[in-house]
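Contents: one structure, followed by commentary.
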Amino acid sequence: MSRTVNIADGMALPAIGQGTWYMGESPDLRRQEIAALQAGIECGLSVIDTAEMYADGGAERVVGEALQGRRDRVWLVSKFYPWNAGVVDAVEACERSLQRLRTDYLDLYLLHWRGNIPLEETIRAMEKLQQQGKIGRWGVSNFDTEDMQELWQAPGGTACAANQVLYHLASRGIEFELLPACQARQLPVMAYCPLAQAGRLRRDLMMHPALHEVAQQQDISVAQLMLAWVIRQPGVMAIPKAGSVTHVRENAAALTITLTDEQLMRLDSLFPPPQSKQPLDVV
Ligand code: NDP
């Protein structure tokens with residue numbers, strides 16, 4: 001069974017999507033990145049996550065090109081800088097993103113991280129964008145439990161449709177408080193860096209002998225193990241970035257992997273769940 005996550009209004013989305021950080025940085029990789037995104041859409045990874053920040057708009061341009069003729073098959077997410085979170089700036093930032101993405105609407109628009117602009121004002125900006133038909137839903141990113149409580153108490157704040165935060169096997173802090181709080185409100189959590197990013201930590205995890213052993217038991221890769229682990233819980237979606245068709249297909253196949261209780265216990269012993277509140281991990 002392919003895993004899904006219910007977003008507001010009960011719409012079911014695939015529990016694995018596609019990240020785009022670092023796409024659009026190198027002209028040499030552009031064709032490959034577009035091919036990867038399009039292959040992902042073909043495999044059912046219809047949620048694409050991008051941001052005005054990535055490659056200074058370059059990632060949105062790559063996504064825009066990949067989407068040509070496919071927009072209606074994609075659930076498109078972008079993010080705006082905290083300094084663009086006021087009513088006038090948010091509308092302008094959204095219009096610039098739409099232009100780069102070559103579309104006239106976003107399915108979800110996220111405040112990338114919390115800044116100095118009052119949440120009430122950002123909510124008003126999001127409501128305005130919704131009224132204008134430029135965004136379907138809005139949400140936040142890098143919000144810890146206290147930020148979420150504040151948001152939920154603000155007028156219109158319960159309309160928030162997602163919180164995008166760092167979550168992977170070696171960074172489980174959200175499990176103690178934030179994740180249960182979001183699950184209790186049926187607020188989807190979009191797990192970023194589900195493969196622990198492009199650096200040394202990911203390479204170490206990919207080579208981890210015990211992770212290899214668990215993965216081999218099920219005839220899957222360590223990357224698939226890590227993704228299946230992230231999406232094992234209700235309401236959690238993973239958005240790995242993959243720059244090749246091979247990686248995208250491998251990631252898509254993780255949608256149907258279910259880990260056994262025994263495997264999950266083994267992973268708990270290798271990467272223990274938090275026993276107390278941890279500050280939210282960010283990159
Ligand atoms: P990820 O954890 O997704 O790791 C990306 C790395 O994993 C890349 O090097 C990629 O290589 C590699 N990879 C992908 N698939 C496989 C596979 N099957 N086997 C082996 N390696 C694989 O890190 P990101 O930082 O990119 O996070 C994911 C997305 O989350 C971002 O792209 C972005 O959209 C979002 N994000 C949001 C943040 C926020 O503040 N809201 C912060 C950070 C990320 P290759 O490219 O060669 O395929």
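Residue numbers start at 1 in each chain; chains themselves are named A, B, ... in the order of the structure tokens; ligands are numbered from 1 in the order shown.
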I'd like a table as a tab-separated table: residues in chain A with an atom no more than 6 Å from ligand 1, each row giving the shortest atom pair and its distance in Å to one decimal, only C-alpha atoms and all ligand atoms counted, sorted by chain and rising residue number.
residue	atom	partner	partner_atom_place_in_ligand_line	distance
A:Gly19	CA	ligand 1	34 (O)	3.3
A:Thr20	CA	ligand 1	32 (O)	3.9
A:Trp21	CA	ligand 1	32 (O)	3.6
A:Asp49	CA	ligand 1	34 (O)	4.8
A:Thr50	CA	ligand 1	34 (O)	5.1
A:His112	CA	ligand 1	41 (N)	5.5
A:Ser141	CA	ligand 1	41 (N)	5.2
A:Gln164	CA	ligand 1	41 (N)	5.5
A:Tyr192	CA	ligand 1	30 (O)	3.8
A:Cys193	CA	ligand 1	2 (O)	3.1
A:Pro194	CA	ligand 1	2 (O)	4.2
A:Leu195	CA	ligand 1	2 (O)	3.3
A:Ala196	CA	ligand 1	2 (O)	4.1
A:Gln197	CA	ligand 1	23 (O)	3.4
A:Ala198	CA	ligand 1	9 (O)	3.6
A:Ala223	CA	ligand 1	19 (N)	4.9
A:Ile239	CA	ligand 1	29 (C)	5.2
A:Pro240	CA	ligand 1	3 (O)	3.3
A:Lys241	CA	ligand 1	3 (O)	4.0
A:Ala242	CA	ligand 1	48 (O)	3.4
A:Gly243	CA	ligand 1	46 (O)	3.6
A:Ser244	CA	ligand 1	48 (O)	5.0
A:His247	CA	ligand 1	18 (N)	4.0
A:Glu250	CA	ligand 1	18 (N)	5.1
A:Asn251	CA	ligand 1	18 (N)	5.1
A:Val283	CA	ligand 1	42 (C)	5.8
(message) Need the shell around range 202-213 of chain A: protein/DNA/RNA residues with any atom at most 12 Å away, counting only C-alpha atoms. Skip same-chain ones fewer than 2 positions apart. Format as a PyMOL selection string?
(response) chain A and resi 168-171+193-200+215-226+229+263-264+266-271
(message) If you run DSSP on the backbone here, which positions in range 21-246 of chain A get strand (DSSP E)? Please write them as number ranges by chain.
(response) A: 47-49, 75-80, 106-111, 135-141, 163-166, 189-192, 236-238
May I have the residues from that selection written out with C-alpha atoms, as a compact mmCIF listing (two decimals), in the first residue's frame?
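In the end it all went to again-v1.txt:
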# COMPACT_ATOMS: atom_id res chain seq x y z
CA VAL A 47 4.53 17.13 -4.11
CA ILE A 48 7.38 19.45 -5.16
CA ASP A 49 8.95 21.68 -2.52
CA TRP A 75 1.05 19.81 -5.70
CA LEU A 76 3.39 22.76 -5.64
CA VAL A 77 4.92 24.21 -2.48
CA SER A 78 7.12 27.29 -2.20
CA LYS A 79 8.44 29.33 0.69
CA PHE A 80 9.04 33.02 1.34
CA LEU A 106 0.77 27.57 -5.50
CA ASP A 107 -0.91 24.74 -3.63
CA LEU A 108 0.92 25.61 -0.44
CA TYR A 109 2.92 28.70 0.56
CA LEU A 110 5.16 28.51 3.63
CA LEU A 111 6.83 31.08 5.86
CA ILE A 135 -2.29 30.13 -3.15
CA GLY A 136 -4.47 27.22 -2.08
CA ARG A 137 -3.22 26.88 1.48
CA TRP A 138 -0.51 28.37 3.67
CA GLY A 139 1.75 27.01 6.36
CA VAL A 140 5.01 27.50 8.22
CA SER A 141 8.49 26.02 8.46
CA ASN A 163 4.80 22.71 9.41
CA GLN A 164 8.01 21.85 7.54
CA VAL A 165 10.82 20.85 9.90
CA LEU A 166 14.07 18.88 9.97
CA VAL A 189 4.57 17.63 9.20
CA MET A 190 6.79 17.86 6.13
CA ALA A 191 10.15 16.31 7.05
CA TYR A 192 13.04 18.09 5.41
CA VAL A 236 4.48 12.80 8.26
CA MET A 237 5.67 13.41 4.71
CA ALA A 238 9.32 13.26 3.56
(request) Mind checking which residues fall within 6 Å of Thr122 in chain A, counting only C-alpha atoms, ignoring those fewer than 2 positions away in the same chain, and posting them as a ChimeraX atom specification? (result) /A:85-86,119-120,124-125
(request) Find the residues near Thr103 in chain A: any atom within 10 Å, counting only C-alpha atoms, skip ones fewer than 2 places away on the same chain, and give them as a ChimeraX atom specification. (result) /A:64,67-68,71,76,95,97-101,105-106,134
(message) Taking only C-alpha atoms into account, name the residue in A:Asp28, A:Glu146, A:Glu60, A:Asp9 that is nearest to Cys94 in chain A.
(response)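 Among A:Asp28, A:Glu146, A:Glu60, A:Asp9, it is A:Glu60 that comes nearest to Cys94 in chain A.
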(message) What does the structure give for the distance between CA of Ala55 in chain A and CA of Gln32 in chain A, in Å to one decimal?
(response)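 About the pair CA of Ala55 in chain A and CA of Gln32 in chain A: they are 16.1 Å apart.
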(request) Kindly give the distance, in Å, that separates CA of Pro274 in chain A and CA of Gln183 in chain A, rounded to a single decimal. (result)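 Those two atoms sit 17.0 Å apart.
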